[in-house]
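Chemist: Dropping in my_file18.txt, which is compact mmCIF, C-alpha atoms and all ligand atoms:
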# COMPACT_ATOMS: atom_id res chain seq x y z
CA MET L 262 4.78 -4.52 3.26
CA ALA L 263 1.30 -5.22 2.28
CA ALA L 264 -1.92 -3.90 3.58
CA VAL L 265 -3.38 -6.18 6.15
CA ALA L 266 -2.90 -9.36 8.00
CA SER L 267 -4.96 -11.47 10.28
CA ALA L 268 -1.63 -13.15 10.84
CA THR L 269 -0.34 -13.98 14.26
CA SER L 270 3.37 -14.00 14.86
CA THR L 271 4.76 -17.32 15.92
CA VAL L 272 7.99 -15.78 17.18
CA PRO L 273 7.89 -12.72 19.47
CA SER L 274 8.28 -9.38 17.76
CA LEU L 275 11.76 -7.87 17.57
CA ALA L 276 12.86 -6.06 20.66
CA LYS L 277 14.63 -3.33 18.74
CA ALA L 278 13.09 -0.88 16.33
CA VAL L 279 14.92 -0.49 13.00
CA GLN L 280 15.30 3.16 13.96
CA GLU L 281 17.48 2.01 16.89
CA LEU L 282 19.46 -0.44 14.74
CA ALA L 283 20.11 2.34 12.24
CA THR L 284 22.10 4.32 14.81
CA ASN L 285 24.86 1.73 14.29
CA THR L 286 26.01 3.01 10.94
CA SER L 287 28.54 0.30 10.06
CA THR L 288 26.80 -3.07 10.18
CA THR L 289 23.39 -4.51 9.39
CA PRO L 290 22.15 -7.40 11.54
CA GLU L 291 22.19 -10.70 9.63
CA ARG L 292 18.40 -11.12 9.87
CA TYR L 293 17.89 -8.25 7.44
CA ILE L 294 20.38 -9.41 4.78
CA LEU L 295 18.69 -10.83 1.69
CA LYS L 296 19.55 -14.35 0.63
CA GLU L 297 19.07 -13.49 -3.02
CA SER L 298 20.25 -10.45 -4.97
CA THR L 299 18.01 -7.40 -5.41
CA GLY L 300 18.92 -7.44 -9.11
CA GLY L 301 21.28 -4.47 -9.20
CA LYS L 302 21.87 -1.13 -7.54
CA ALA L 303 18.69 0.92 -7.01
CA SER L 304 20.37 4.03 -8.41
CA GLU L 305 21.00 2.26 -11.73
CA LEU L 306 17.41 1.14 -12.36
CA PRO L 307 15.33 2.98 -14.98
CA TYR L 308 12.32 5.08 -14.00
CA LEU L 309 8.83 3.77 -14.69
CA ASP L 310 6.82 6.17 -16.78
CA ILE L 311 3.69 6.23 -14.62
CA PRO L 312 0.84 8.25 -16.16
CA ILE L 313 -0.10 11.42 -14.30
CA LEU L 314 -3.90 11.51 -14.09
CA ASP L 315 -5.95 14.62 -13.40
CA LEU L 316 -8.72 13.40 -11.11
CA SER L 317 -10.71 16.62 -11.42
CA LEU L 318 -11.25 15.75 -15.10
CA LEU L 319 -12.44 12.23 -14.36
CA ASN L 320 -15.25 13.59 -12.28
CA SER L 321 -16.39 16.15 -14.86
CA SER L 322 -18.51 16.16 -18.00
CA SER L 323 -15.87 18.10 -19.93
CA PRO L 324 -14.70 16.86 -23.34
CA GLU L 325 -11.33 16.00 -21.77
CA ALA L 326 -13.01 13.56 -19.38
CA GLU L 327 -13.34 10.90 -22.07
CA GLU L 328 -9.66 11.15 -22.94
CA GLU L 329 -8.67 10.98 -19.25
CA LEU L 330 -10.79 7.83 -18.78
CA LYS L 331 -8.91 6.18 -21.64
CA ARG L 332 -5.60 7.11 -20.04
CA LEU L 333 -6.82 5.72 -16.71
CA ARG L 334 -7.76 2.42 -18.31
CA LEU L 335 -4.43 2.20 -20.09
CA ALA L 336 -2.42 3.01 -16.97
CA PHE L 337 -4.15 0.51 -14.71
CA SER L 338 -4.04 -2.23 -17.32
CA SER L 339 -0.36 -1.76 -18.13
CA CYS L 340 1.56 -0.90 -14.95
CA GLY L 341 -1.23 -0.89 -12.36
CA TYR L 342 -0.17 2.55 -11.05
CA ILE L 343 -1.16 6.17 -11.56
CA GLN L 344 0.20 9.41 -10.13
CA ALA L 345 -3.01 11.21 -9.15
CA ILE L 346 -3.02 15.02 -9.26
CA ASN L 347 -5.86 17.50 -8.65
CA HIS L 348 -7.26 14.94 -6.25
CA GLY L 349 -8.99 17.59 -4.17
CA ILE L 350 -6.79 17.19 -1.08
CA ASP L 351 -5.06 20.46 -0.23
CA THR L 352 -1.28 20.61 -0.17
CA SER L 353 -1.53 22.16 3.30
CA PHE L 354 -3.40 19.08 4.55
CA ILE L 355 -0.85 16.71 2.96
CA ASP L 356 1.83 18.77 4.75
CA GLU L 357 -0.03 18.20 8.02
CA VAL L 358 -0.09 14.44 7.33
CA HIS L 359 3.68 14.51 6.77
CA ASP L 360 4.14 16.59 9.93
CA VAL L 361 2.19 14.28 12.24
CA THR L 362 4.03 11.28 10.78
CA ARG L 363 7.43 12.87 11.31
CA ASN L 364 6.48 14.10 14.78
CA PHE L 365 5.29 10.66 15.81
CA PHE L 366 8.42 8.83 14.62
CA SER L 367 10.60 11.53 16.24
CA LEU L 368 9.15 10.89 19.70
CA PRO L 369 11.43 9.19 22.24
CA MET L 370 11.34 5.39 21.93
CA GLU L 371 9.62 4.95 25.35
CA GLU L 372 6.82 7.23 24.18
CA LYS L 373 6.35 5.38 20.87
CA LYS L 374 6.37 2.03 22.62
CA LYS L 375 3.24 3.06 24.52
CA TYR L 376 1.53 2.37 21.19
CA ALA L 377 3.37 -0.88 20.46
CA ARG L 378 1.41 -3.62 18.78
CA ASP L 379 0.83 -6.84 20.70
CA ALA L 380 2.84 -9.82 19.40
CA ASP L 381 -0.28 -11.43 17.95
CA ASP L 382 -1.80 -8.25 16.53
CA ILE L 383 -1.31 -6.05 13.52
CA ASP L 384 -2.50 -2.67 14.85
CA GLY L 385 0.05 -0.47 16.54
CA TYR L 386 3.68 0.58 16.38
CA GLY L 387 6.24 -2.08 15.53
CA ASN L 388 8.29 -3.65 12.81
CA ASP L 389 8.16 -6.64 10.53
CA THR L 390 5.91 -9.43 11.78
CA VAL L 391 8.14 -12.42 12.49
CA PHE L 392 6.69 -15.69 11.28
CA SER L 393 9.75 -17.90 11.19
CA LYS L 394 13.40 -18.03 12.30
CA ASN L 395 14.87 -17.84 8.79
CA GLN L 396 12.66 -15.06 7.48
CA THR L 397 14.58 -12.09 6.07
CA LEU L 398 13.20 -9.01 7.76
CA ASP L 399 12.17 -5.71 6.22
CA TRP L 400 14.18 -2.62 7.18
CA ASN L 401 11.20 -0.65 8.35
CA ASP L 402 9.27 0.54 11.39
CA ARG L 403 5.59 1.20 11.00
CA LEU L 404 2.48 2.31 12.74
CA TYR L 405 -0.48 0.37 11.48
CA LEU L 406 -4.00 1.53 12.29
CA ASN L 407 -7.44 0.27 11.31
CA VAL L 408 -9.65 3.32 10.80
CA LYS L 409 -12.81 1.94 9.21
CA PRO L 410 -15.19 0.49 10.12
CA GLU L 411 -15.08 2.49 13.35
CA ASN L 412 -15.69 -0.54 15.57
CA LYS L 413 -12.34 -1.96 14.39
CA ARG L 414 -10.35 0.98 15.81
CA LYS L 415 -7.96 -0.05 18.58
CA MET L 416 -7.78 3.29 20.32
CA LYS L 417 -5.11 2.19 22.83
CA VAL L 418 -2.57 2.18 19.97
CA TRP L 419 -3.75 5.45 18.38
CA PRO L 420 -1.15 8.10 19.28
CA GLU L 421 -2.31 11.04 21.40
CA ASN L 422 1.02 12.66 20.74
CA PRO L 423 1.29 14.66 18.49
CA LYS L 424 -2.01 16.14 19.66
CA ASN L 425 -3.60 16.40 16.21
CA PHE L 426 -2.54 12.90 15.14
CA ARG L 427 -5.92 11.18 15.58
CA GLN L 428 -7.94 13.93 13.89
CA VAL L 429 -5.55 14.09 10.94
CA LEU L 430 -5.83 10.34 10.45
CA VAL L 431 -9.65 10.41 10.49
CA ASP L 432 -9.72 13.38 8.11
CA LEU L 433 -7.21 11.73 5.76
CA THR L 434 -9.36 8.60 5.61
CA ASP L 435 -12.54 10.60 4.89
CA LYS L 436 -10.85 12.62 2.14
CA LEU L 437 -9.34 9.56 0.50
CA GLU L 438 -12.60 7.64 0.73
CA LYS L 439 -14.15 10.34 -1.48
CA VAL L 440 -11.26 10.00 -3.92
CA ASN L 441 -11.73 6.23 -3.82
CA GLU L 442 -15.36 6.64 -4.81
CA ILE L 443 -14.50 8.90 -7.73
CA LEU L 444 -11.75 6.60 -8.94
CA SER L 445 -13.75 3.38 -8.52
CA LYS L 446 -16.60 4.87 -10.56
CA ALA L 447 -14.22 6.20 -13.21
CA MET L 448 -12.55 2.80 -13.49
CA ALA L 449 -15.94 1.16 -14.03
CA LYS L 450 -16.89 3.78 -16.64
CA SER L 451 -13.56 3.32 -18.42
CA LEU L 452 -14.50 -0.35 -18.92
CA GLY L 453 -18.03 0.45 -20.08
CA LEU L 454 -19.55 -0.84 -16.84
CA GLU L 455 -22.24 0.48 -14.52
CA GLU L 456 -20.38 2.96 -12.30
CA ASP L 457 -21.17 1.38 -8.92
CA CYS L 458 -20.16 -2.16 -9.85
CA PHE L 459 -16.85 -2.15 -7.99
CA LEU L 460 -18.08 -0.14 -5.02
CA LYS L 461 -20.93 -2.63 -4.56
CA GLN L 462 -18.45 -5.42 -4.00
CA TYR L 463 -16.90 -3.46 -1.13
CA GLY L 464 -20.08 -4.40 0.75
CA GLU L 465 -21.72 -2.83 3.80
CA ASN L 466 -18.58 -1.71 5.57
CA ILE L 467 -15.57 -0.63 3.57
CA VAL L 468 -12.33 -1.37 5.41
CA SER L 469 -9.72 1.34 5.60
CA LEU L 470 -6.36 1.00 7.24
CA THR L 471 -3.35 3.21 7.24
CA ARG L 472 0.26 2.29 7.49
CA PHE L 473 2.70 5.02 8.49
CA ASN L 474 6.10 3.84 7.26
CA LEU L 475 9.50 4.90 8.52
CA TYR L 476 12.48 3.68 6.49
CA PRO L 477 15.68 4.60 8.37
CA PRO L 478 19.02 4.84 6.49
CA CYS L 479 20.65 1.44 6.03
CA PRO L 480 24.43 0.82 5.98
CA THR L 481 24.14 -1.92 3.31
CA PRO L 482 21.45 -0.75 0.86
CA ASP L 483 22.27 -3.26 -1.88
CA LEU L 484 21.67 -6.21 0.47
CA VAL L 485 18.55 -5.10 2.29
CA LEU L 486 14.98 -4.17 1.36
CA SER L 487 12.60 -1.97 3.32
CA ALA L 488 9.66 -4.00 1.99
CA LYS L 489 9.98 -7.27 0.13
CA ALA L 490 8.28 -7.72 -3.24
CA HIS L 491 4.51 -7.98 -2.82
CA GLY L 492 1.15 -7.16 -4.35
CA ASP L 493 -1.27 -5.39 -2.02
CA PRO L 494 -4.29 -7.41 -0.84
CA SER L 495 -6.42 -4.24 -1.02
CA GLY L 496 -8.95 -2.98 -3.50
CA LEU L 497 -7.00 0.22 -4.13
CA THR L 498 -3.93 1.58 -2.32
CA TYR L 499 -3.14 5.29 -1.91
CA LEU L 500 0.46 6.18 -1.10
CA ILE L 501 1.47 9.63 0.06
CA PRO L 502 5.14 9.46 -0.86
CA ASP L 503 8.08 11.10 0.85
CA LYS L 504 8.58 14.57 -0.65
CA GLU L 505 12.25 14.05 -1.44
CA VAL L 506 13.43 10.49 -0.98
CA GLU L 507 12.58 7.82 -3.54
CA GLY L 508 12.46 4.13 -2.71
CA LEU L 509 9.38 2.54 -4.26
CA GLN L 510 10.09 0.13 -7.13
CA VAL L 511 7.67 -1.67 -9.45
CA LEU L 512 8.12 -4.89 -11.42
CA LYS L 513 6.96 -4.69 -15.03
CA ASP L 514 7.77 -7.28 -17.70
CA ASP L 515 10.35 -8.87 -15.35
CA GLN L 516 12.25 -5.62 -14.92
CA TRP L 517 12.37 -3.50 -11.74
CA TYR L 518 11.71 0.22 -12.20
CA LYS L 519 11.96 3.16 -9.80
CA VAL L 520 8.87 5.26 -9.15
CA PRO L 521 9.68 8.97 -9.52
CA ILE L 522 8.37 11.58 -7.11
CA VAL L 523 5.81 13.88 -8.73
CA PRO L 524 5.15 17.01 -6.61
CA ASN L 525 1.76 16.85 -4.81
CA ALA L 526 0.78 13.59 -6.50
CA ILE L 527 -0.64 10.61 -4.64
CA ASN L 528 0.46 7.21 -5.99
CA VAL L 529 -2.52 4.93 -6.52
CA ASN L 530 -2.17 1.25 -7.31
CA ILE L 531 -4.53 -1.59 -8.00
CA GLY L 532 -4.74 -4.18 -5.24
CA ASP L 533 -5.33 -7.91 -5.71
CA GLN L 534 -9.07 -7.68 -4.99
CA LEU L 535 -9.63 -5.17 -7.77
CA GLU L 536 -7.63 -7.32 -10.16
CA ILE L 537 -10.15 -10.10 -9.44
CA MET L 538 -13.19 -7.80 -9.83
CA CYS L 539 -11.82 -6.60 -13.20
CA ASN L 540 -11.21 -10.17 -14.33
CA GLY L 541 -7.52 -9.36 -14.70
CA ILE L 542 -7.88 -6.32 -16.98
CA PHE L 543 -6.35 -4.07 -14.31
CA LYS L 544 -3.18 -5.48 -12.80
CA SER L 545 -2.21 -5.52 -9.14
CA PRO L 546 1.46 -4.57 -9.49
CA ILE L 547 4.31 -6.30 -7.68
CA HIS L 548 6.28 -3.65 -5.86
CA ARG L 549 8.97 -3.36 -3.19
CA VAL L 550 10.83 -0.68 -1.26
CA ALA L 551 14.59 -0.17 -1.52
CA THR L 552 16.76 1.10 1.33
CA ASN L 553 18.96 4.15 1.20
CA ARG L 554 22.39 4.62 2.78
CA GLU L 555 22.12 8.30 3.60
CA ARG L 556 18.55 9.38 3.94
CA GLU L 557 15.54 8.46 6.00
CA ARG L 558 12.26 8.03 4.10
CA MET L 559 8.68 8.34 5.34
CA THR L 560 5.50 7.36 3.52
CA ILE L 561 1.83 6.98 4.39
CA ALA L 562 -0.08 4.13 2.74
CA VAL L 563 -3.88 4.06 2.96
CA PHE L 564 -5.62 0.85 1.90
CA PHE L 565 -9.29 0.56 0.96
CA THR L 566 -10.45 -3.02 1.10
CA PRO L 567 -13.82 -4.75 0.75
CA ASP L 568 -15.78 -5.86 3.78
CA PRO L 569 -14.35 -9.31 4.70
CA THR L 570 -17.87 -10.80 4.52
CA SER L 571 -18.39 -9.60 0.95
CA GLU L 572 -17.90 -12.00 -1.94
CA ILE L 573 -15.28 -10.79 -4.42
CA LYS L 574 -15.62 -11.95 -7.99
CA PRO L 575 -15.16 -10.84 -11.60
CA VAL L 576 -17.90 -8.35 -12.58
CA GLU L 577 -20.57 -10.02 -14.77
CA GLY L 578 -20.42 -7.30 -17.43
CA LEU L 579 -16.84 -8.28 -18.26
CA ILE L 580 -17.62 -11.91 -18.91
CA ASP L 581 -18.91 -13.44 -22.12
CA GLU L 582 -18.00 -16.26 -24.48
CA LYS L 583 -14.86 -14.54 -25.68
CA ASN L 584 -13.85 -13.40 -22.21
CA PRO L 585 -14.30 -16.25 -19.75
CA LYS L 586 -14.17 -15.77 -16.02
CA LEU L 587 -10.50 -15.98 -14.98
CA TYR L 588 -10.74 -16.03 -11.17
CA ARG L 589 -12.74 -17.98 -8.63
CA SER L 590 -14.79 -15.97 -6.11
CA ILE L 591 -13.46 -15.44 -2.61
CA VAL L 592 -14.69 -14.20 0.73
CA ASP L 593 -12.19 -12.55 3.12
CA TYR L 594 -9.29 -12.24 0.69
CA THR L 595 -7.20 -10.42 3.25
CA GLY L 596 -7.59 -13.06 5.91
CA ASN L 597 -6.40 -15.70 3.46
CA TYR L 598 -3.56 -13.71 1.90
CA PHE L 599 -0.74 -14.05 4.40
CA GLU L 600 -0.42 -17.78 4.54
CA LEU L 601 0.54 -17.91 0.85
CA PHE L 602 2.62 -14.73 1.06
CA GLN L 603 4.87 -16.40 3.61
CA LYS L 604 5.49 -19.21 1.13
CA GLY L 605 6.39 -16.71 -1.60
CA GLU L 606 3.09 -17.30 -3.44
CA ARG L 607 0.20 -15.01 -4.39
CA LEU L 608 -3.41 -15.71 -3.49
CA VAL L 609 -4.58 -13.79 -6.56
CA ASN L 610 -2.70 -16.30 -8.72
CA ALA L 611 -3.94 -19.29 -6.74
CA LEU L 612 -7.52 -18.16 -7.54
CA LYS L 613 -6.92 -18.23 -11.27
CA ILE L 614 -9.15 -20.72 -13.07
O1 LIG L 701 6.39 3.08 1.15
C1 LIG L 701 6.25 2.72 -0.02
O2 LIG L 701 6.82 3.29 -0.95
C2 LIG L 701 5.36 1.55 -0.36
C3 LIG L 701 4.73 0.87 0.83
C4 LIG L 701 3.94 -0.34 0.46
O3 LIG L 701 4.07 -0.90 -0.60
C5 LIG L 701 2.96 -0.90 1.43
O4 LIG L 701 2.90 -0.40 2.58
O5 LIG L 701 2.22 -1.84 1.04
FE FE L 702 2.41 -2.25 -0.98
Translate this file's structure into structure tokens.
Modeler:
Amino acid sequence: MAAVASATSTVPSLAKAVQELATNTSTTPERYILKESTGGKASELPYLDIPILDLSLLNSSSPEAEEELKRLRLAFSSCGYIQAINHGIDTSFIDEVHDVTRNFFSLPMEEKKKYARDADDIDGYGNDTVFSKNQTLDWNDRLYLNVKPENKRKMKVWPENPKNFRQVLVDLTDKLEKVNEILSKAMAKSLGLEEDCFLKQYGENIVSLTRFNLYPPCPTPDLVLSAKAHGDPSGLTYLIPDKEVEGLQVLKDDQWYKVPIVPNAINVNIGDQLEIMCNGIFKSPIHRVATNRERERMTIAVFFTPDPTSEIKPVEGLIDEKNPKLYRSIVDYTGNYFELFQKGERLVNALKI
């Protein structure tokens, strides 16, 4: 699920990867079975009409730029998601990202376990962090890596196999950081604000972490989720979706919707910290990941998050007599997020005034 945790697991991590459990195609271990219904079969849910935004226009002075900024504002304030196209990242590079992800997860288990996360850590290869005995677990294996700032990299869990893995991850982060700058400025402009106002709140050292997700087929898809409902604790989240297999679902007006796959698009969603900075104008969407009986799914989620020492608060320019401040300020949102998440609550809501 969500971006980051300073959480420590109170129960040792699972011995078996979901990938290993998935080789038993008839039963799902009890620990993964949801106690409440998912609200209907994934295949029967409607699609969410997520606006497709041309990022090359946002960054231009063309007459269409103004129109695209309006669409950006509308998208982020209604569903909290966009499908970003013309983002400046070549299809051949996205293919390379998919290839290194697939090649890593296809390695023999002993090889992958060389990069296993420690029980009390978040970085590395593993599965759902276990906090309590009755927690329902997510049907997912993941490789979680802090990339920025550089001194937060735990190189012992950075794969050296496939050979180009590390370089691809660093390049992906650099490319998306540029996109993040363009989008953060465009978001500010779309609200009539000074263009650096969100980026400033990221502070000295922007945090970037990547989560490589593997969602193996699941024998009981209607009873199991690959990621429980959550909002991301990030500023913005960039998801490189699987090219063929859907799974992401978004909650809007109390209804779950499927997110369609748009060729070459990157899904971008508002995280909780940007919702606070925007004083609630842009919404951090609740989303989850469904399982699939037949097909494996792989995604790559890149989170950009403010420096944990930076104070996050609603931007002054959005506050006046008619529009009061709606959230209290917070330092280290991410570090405070997980405690409430485990209780089924949201920190972003707890900060509401
Ligand atoms: O894989 C997906 O579709 C979404 C993953 C996600 O929501 C997350 O990693 O926070
Ligand atoms: Fe997420």
Chemist: At a cut-off of 9 Å around ligand FE 702 (chain L), and using all atoms listed in the file, what residues come up? Please write them as a PyMOL selection string.
Modeler: chain L and resi 262-264+488+490-494+498+500+530+532+546-550+562
Chemist: May I have the residues from that selection written out with C-alpha atoms, as a CSV table (one decimal), in the coordinates of the input?
Modeler:
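And here's again-v5.csv as it stands now:
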chain,number,residue,atom,x,y,z
L,262,MET,CA,4.8,-4.5,3.3
L,263,ALA,CA,1.3,-5.2,2.3
L,264,ALA,CA,-1.9,-3.9,3.6
L,488,ALA,CA,9.7,-4.0,2.0
L,490,ALA,CA,8.3,-7.7,-3.2
L,491,HIS,CA,4.5,-8.0,-2.8
L,492,GLY,CA,1.2,-7.2,-4.4
L,493,ASP,CA,-1.3,-5.4,-2.0
L,494,PRO,CA,-4.3,-7.4,-0.8
L,498,THR,CA,-3.9,1.6,-2.3
L,500,LEU,CA,0.5,6.2,-1.1
L,530,ASN,CA,-2.2,1.2,-7.3
L,532,GLY,CA,-4.7,-4.2,-5.2
L,546,PRO,CA,1.5,-4.6,-9.5
L,547,ILE,CA,4.3,-6.3,-7.7
L,548,HIS,CA,6.3,-3.6,-5.9
L,549,ARG,CA,9.0,-3.4,-3.2
L,550,VAL,CA,10.8,-0.7,-1.3
L,562,ALA,CA,-0.1,4.1,2.7
Chemist: Need to verify the contact set: segment 438-450 of chain L, 8 Å, all atoms listed in the file, exclusion of same-chain residues closer than 5 positions in sequence. Can you return it as a list in words?
Modeler: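 My list of contacting residues is Leu316, Leu319, Asn320, Leu330, Leu333, Arg334, His348, Gly349, Glu455, Glu456, Asp457, Cys458, Phe459, Leu460, Leu497 and Phe565 of chain L.
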Chemist: The centre and edge lengths of an axis-aligned box containing all atoms of segment 404-413 of chain L present in the file, extended by 8 Å on each side, are to be given in Å to one decimal, as AutoDock Vina command-line options.
Modeler:
--center_x -6.6 --center_y 0.7 --center_z 12.4 --size_x 34.2 --size_y 21.3 --size_z 22.4
Chemist: If I take atom CA of Lys519 of chain L and atom CA of Thr552 of chain L, how far is one from the other in Å, to one decimal?
Modeler: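 Computing it gives 12.3 Å between the two atoms.
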Chemist: Skip Glu357 of chain L itself and residues of its chain fewer than 5 positions away, then list as a PyMOL selection string all residues within 9 Å of it, counting all atoms listed in the file.
Modeler: chain L and resi 352+362+429
Chemist: Can you list, as a compact mmCIF listing (two decimals) with C-alpha atoms, in the frame of the given file, every protein, DNA or RNA residue that comes within 10 Å of Arg589 of chain L when you count all atoms listed in the file, leaving out same-chain residues fewer than 2 positions away?
Modeler:
# COMPACT_ATOMS: atom_id res chain seq x y z
CA ILE L 537 -10.15 -10.10 -9.44
CA ASN L 540 -11.21 -10.17 -14.33
CA ILE L 573 -15.28 -10.79 -4.42
CA LYS L 574 -15.62 -11.95 -7.99
CA PRO L 575 -15.16 -10.84 -11.60
CA LYS L 586 -14.17 -15.77 -16.02
CA LEU L 587 -10.50 -15.98 -14.98
CA ILE L 591 -13.46 -15.44 -2.61
CA VAL L 609 -4.58 -13.79 -6.56
CA ALA L 611 -3.94 -19.29 -6.74
CA LEU L 612 -7.52 -18.16 -7.54
CA LYS L 613 -6.92 -18.23 -11.27
CA ILE L 614 -9.15 -20.72 -13.07
Chemist: Between atom CA of Tyr342 of chain L and atom CA of Ile383 of chain L, what is the distance in Å, rounded to a tenth?
Modeler: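 We find that atom CA of Tyr342 of chain L and atom CA of Ile383 of chain L lie 26.1 Å from each other.
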Chemist: Quick one, how far is atom CA of Gly605 of chain L from atom C4 of ligand LIG 701 (chain L)?
Modeler: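 These two atoms are separated by 16.7 Å.
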Chemist: Report as a list in words all protein, DNA and RNA residues lying within 12 Å of Ala283 of chain L, evaluated on only C-alpha atoms, omitting residues in the same chain fewer than 6 positions from it.
Modeler: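 Counting only the stated atoms, we get Lys277, Thr289, Pro290, Tyr293, Trp400, Asn401, Asp402, Leu475, Tyr476, Pro477, Pro478, Cys479, Pro480, Thr481, Pro482, Thr552, Asn553, Arg554, Glu555, Arg556 and Glu557 of chain L.
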Chemist: Let me make sure I understand: among L:Ala345, L:Ile350, L:Ala326, L:Leu282, which one has the smallest atom-to-atom distance to Ile522 of chain L if we use all atoms listed in the file?
Modeler: L:Ala345
Chemist: Tell me which protein, DNA and RNA residues are within 8 Å of Thr560 of chain L, counting only C-alpha atoms, leaving out same-chain ones fewer than 4 positions away, and put them as an NGL selection string.
Modeler: :L and (473-475 or 500-503)
Chemist: Place a sphere of radius 8 Å on (-7.9, 0.8, 2.2) in the file coordinates and name every protein, DNA or RNA residue with an atom inside or on its surface, counting only C-alpha atoms; give the answer as number ranges by chain.
Modeler: L: 264, 467-471, 495-499, 563-566
Chemist: Restricting the calculation to only C-alpha atoms, which member of L:Arg472, L:Lys604, L:Arg292, L:Arg332 is positioned closest to Ile311 of chain L?
Modeler: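 Residue with the minimum atom-to-atom distance to Ile311 of chain L: L:Arg332.
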Chemist: Using only C-alpha atoms, find the one residue out of L:Gly464, L:Ser298, L:Ser487, L:Glu505 that sits nearest to Val592 of chain L.
Modeler: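 Looking at the shortest contact to Val592 of chain L, the residue is L:Gly464.
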Chemist: Considering all atoms listed in the file, can you say which of L:Ala380, L:Val520, L:Ala526, L:Cys539 comes closest to ligand LIG 701 (chain L)?
Modeler: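 Looking only at the distances to ligand LIG 701 (chain L), the closest residue turns out to be L:Val520.
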Chemist: Taking into account only C-alpha atoms, which residue in the set L:Cys340, L:Asn528, L:Asp568, L:Asp351 is nearest to Asp515 of chain L?
Modeler: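 Looking only at the distances to Asp515 of chain L, the closest residue turns out to be L:Cys340.
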